[in-house]
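Engineer: Quick one: structure below, then a few questions.
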Amino acid sequence: MSYNVAIDGPAGAGKSTIARAVAKKLNYVYVDTGAMYRAMALYMIRENVNLDDDAAIAAKCESADIKIAYENGEQVVYLNGENVNAFLRTEEVGNAASKTSKVPRLREKLVELQQKMAEETNVLMDGRDIGTVVLPKAQTKIYLTASSAVRAKRRYDELVAKGEIADIDEIKKDIEERDYNDMHRDVSPLKQAEDAVLVDTSDMSIDEVIEKVISLCRANK
Ligand code: DC
């Protein structure tokens with residue numbers, strides 16, 4: 001049986017940074033499910049689908065083939081055969097993903113892929129519904145969060161470091177809007193699983209969070 005770790009939490013809580021580091025240390029495969037939802041959103045943008053038209057999104061996702069590969073230790077998302085990693089981490093795609101990910105058929109397709117991956121290998125998977133829906137039997141479940149002000153500041157620093165122009169108030173507004181969408185959708189809303197451990201990273205360094213998550217994983221082995 002494979003050993004599974006589920007990490008959920010809102011946008012910008014540092015899930016992917018933490019999950020990537022912990023997976024490397026414990027030798028698990030890191031599965032970034034947000035990237036899969038982002039790839040679907042990218043497809044909808046490219047195909048000019050109205051992002052508020054759930055039926056159009058549901059119909060269009062049938063022609064999106066998402067595959068995951070690992071190249072040089074990094075997860076690579078293939079959309080209909082094309083490596084789309086370079087296009088996934090923009091604010092535009094993130095905001096679109098928050099809308100398109102509420103469509104049940106689109107989620108069904110991605111959840112199936114995620115469950116298959118977790119059956120085959122020891123995975124550390126991060127997202128919004130991993131502990132509640134995708135891997136309800138995960139041996140370790142963590143809900144990682146931070147205040148929206150702290151998350152906005154982190155995202156702002158990240159963008160500035162990449163040389164992009166950013167407006168911190170705009171980012172905070174986007175984050176809060178995305179939280180609202182993620183927590184209030186009908187299907188698989190973001191929420192802490194009953195058996196998940198809450199880790200609030202607002203006043204913690206990255207190293208402290210990594211240590212904490214590793215100790216929680218080890219405690220359940
Ligand atoms: O973690 P992220 O910012 O890359 O996620 C992008 C969007 O995808 C986010 O707004 C919500 C959605 N998502 C989801 O609904 N379920 C997941 N398991 C992962 C992401």
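Starting from 1 in every chain, residues are counted up; chains themselves are A, B, ... following the order of the structure tokens, and ligands are numbered from 1 as listed.
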Set the distance at 9 Å and use only C-alpha atoms: which residues neighbour range 116-122 of chain A once local chain neighbours fewer than 6 positions away are removed? I'd like the list as a ChimeraX atom specification.

Structural biologist: /A:1-5,27-31,135

Engineer: Only C-alpha atoms, please: the residues just picked out, written as a CSV table (one decimal), in the first residue's frame.

Structural biologist:
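That gives us selection25.csv:
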chain,number,residue,atom,x,y,z
A,1,MET,CA,0.0,0.0,0.0
A,2,SER,CA,1.3,3.5,-0.8
A,3,TYR,CA,1.9,6.1,1.8
A,4,ASN,CA,0.1,9.4,1.1
A,5,VAL,CA,0.3,12.9,2.5
A,27,ASN,CA,11.6,10.8,-1.0
A,28,TYR,CA,7.9,11.0,-2.0
A,29,VAL,CA,6.6,12.1,-5.4
A,30,TYR,CA,5.3,15.7,-5.1
A,31,VAL,CA,2.0,16.1,-6.9
A,135,LEU,CA,-7.3,11.0,-0.6

Engineer: Using only C-alpha atoms and all ligand atoms, I'd like a table of the residues in chain A that come within 6 Å of ligand 1; for each, show the closest atom pair and its distance in Å rounded to one decimal, ordered by chain and ascending number, as CSV.

Structural biologist:
residue,atom,partner,partner_atom_place_in_ligand_line,distance
A:Ala11,CA,ligand 1,3 (O),4.9
A:Thr33,CA,ligand 1,19 (C),4.8
A:Gly34,CA,ligand 1,4 (O),3.5
A:Ala35,CA,ligand 1,4 (O),5.2
A:Tyr37,CA,ligand 1,8 (O),4.8
A:Arg38,CA,ligand 1,6 (C),5.6
A:Gly94,CA,ligand 1,6 (C),5.1
A:Ala97,CA,ligand 1,7 (C),4.6
A:Ser98,CA,ligand 1,10 (O),3.4
A:Ser101,CA,ligand 1,15 (O),4.9
A:Gly127,CA,ligand 1,18 (N),3.5
A:Arg128,CA,ligand 1,18 (N),4.2
A:Asp129,CA,ligand 1,18 (N),5.0
A:Ile130,CA,ligand 1,18 (N),6.0
A:Arg178,CA,ligand 1,10 (O),5.7
A:Asp182,CA,ligand 1,11 (C),5.8

Engineer: Check the smallest atom-to-atom distance from each of A:Ala146, A:Met36, A:Met44, A:Leu110 to Met204 in chain A using only C-alpha atoms, then report the winner.

Structural biologist: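 Going through A:Ala146, A:Met36, A:Met44, A:Leu110 one by one, the smallest distance to Met204 in chain A is for A:Ala146.
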
Engineer: With only C-alpha atoms as the counted atoms, please give the residues lying no more than 10 Å from Leu51 in chain A, apart from itself and same-chain residues fewer than 5 positions off, as a compact mmCIF listing (two decimals) with all heavy atoms, in the first residue's frame.

Structural biologist:
# COMPACT_ATOMS: atom_id res chain seq x y z
N ALA A 41 -7.38 25.59 -17.05
CA ALA A 41 -7.78 26.99 -17.22
C ALA A 41 -7.08 27.60 -18.43
O ALA A 41 -7.69 28.34 -19.22
CB ALA A 41 -7.44 27.78 -15.95
N MET A 44 -8.86 26.63 -21.49
CA MET A 44 -10.12 27.38 -21.68
C MET A 44 -9.82 28.79 -22.22
O MET A 44 -10.54 29.29 -23.08
CB MET A 44 -10.91 27.48 -20.36
CG MET A 44 -11.31 26.15 -19.78
SD MET A 44 -12.30 25.16 -20.91
CE MET A 44 -12.02 23.51 -20.24
N ILE A 45 -8.76 29.42 -21.70
CA ILE A 45 -8.38 30.76 -22.17
C ILE A 45 -8.00 30.69 -23.65
O ILE A 45 -8.47 31.47 -24.48
CB ILE A 45 -7.20 31.33 -21.34
CG1 ILE A 45 -7.62 31.58 -19.89
CG2 ILE A 45 -6.65 32.61 -21.97
CD1 ILE A 45 -6.47 31.93 -18.94
N ALA A 56 -20.20 25.33 -21.00
CA ALA A 56 -19.19 25.38 -22.07
C ALA A 56 -17.85 24.81 -21.57
O ALA A 56 -17.16 24.09 -22.29
CB ALA A 56 -19.00 26.83 -22.53
N ILE A 57 -17.53 25.09 -20.31
CA ILE A 57 -16.29 24.57 -19.73
C ILE A 57 -16.36 23.05 -19.63
O ILE A 57 -15.42 22.33 -19.99
CB ILE A 57 -16.03 25.20 -18.34
CG1 ILE A 57 -15.74 26.71 -18.51
CG2 ILE A 57 -14.88 24.52 -17.61
CD1 ILE A 57 -15.78 27.50 -17.22
N ALA A 96 -8.25 32.50 -13.50
CA ALA A 96 -9.14 31.71 -14.37
C ALA A 96 -9.37 30.32 -13.76
O ALA A 96 -10.49 29.80 -13.77
CB ALA A 96 -8.51 31.58 -15.76
N ALA A 97 -8.30 29.73 -13.18
CA ALA A 97 -8.42 28.39 -12.58
C ALA A 97 -9.41 28.39 -11.43
O ALA A 97 -10.14 27.42 -11.21
CB ALA A 97 -7.05 27.90 -12.11
N SER A 98 -9.43 29.49 -10.70
CA SER A 98 -10.36 29.59 -9.58
C SER A 98 -11.81 29.52 -10.08
O SER A 98 -12.68 28.99 -9.40
CB SER A 98 -10.08 30.91 -8.86
OG SER A 98 -10.94 31.08 -7.79
N LYS A 99 -12.06 30.01 -11.28
CA LYS A 99 -13.41 29.95 -11.86
C LYS A 99 -13.69 28.59 -12.48
O LYS A 99 -14.71 27.97 -12.23
CB LYS A 99 -13.56 31.01 -12.95
CG LYS A 99 -13.63 32.41 -12.42
CD LYS A 99 -13.90 33.38 -13.56
CE LYS A 99 -14.28 34.75 -13.01
NZ LYS A 99 -14.58 35.67 -14.11
N THR A 100 -12.75 28.11 -13.32
CA THR A 100 -13.03 26.88 -14.07
C THR A 100 -13.04 25.64 -13.17
O THR A 100 -13.68 24.65 -13.48
CB THR A 100 -12.00 26.67 -15.21
OG1 THR A 100 -10.68 26.64 -14.65
CG2 THR A 100 -12.06 27.78 -16.23

Engineer: Using only C-alpha atoms, which of A:Asp32, A:Glu74, A:Glu91, A:Asp53 sits nearest Leu159 in chain A?

Structural biologist: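 Looking at the shortest contact to Leu159 in chain A, the residue is A:Glu91.
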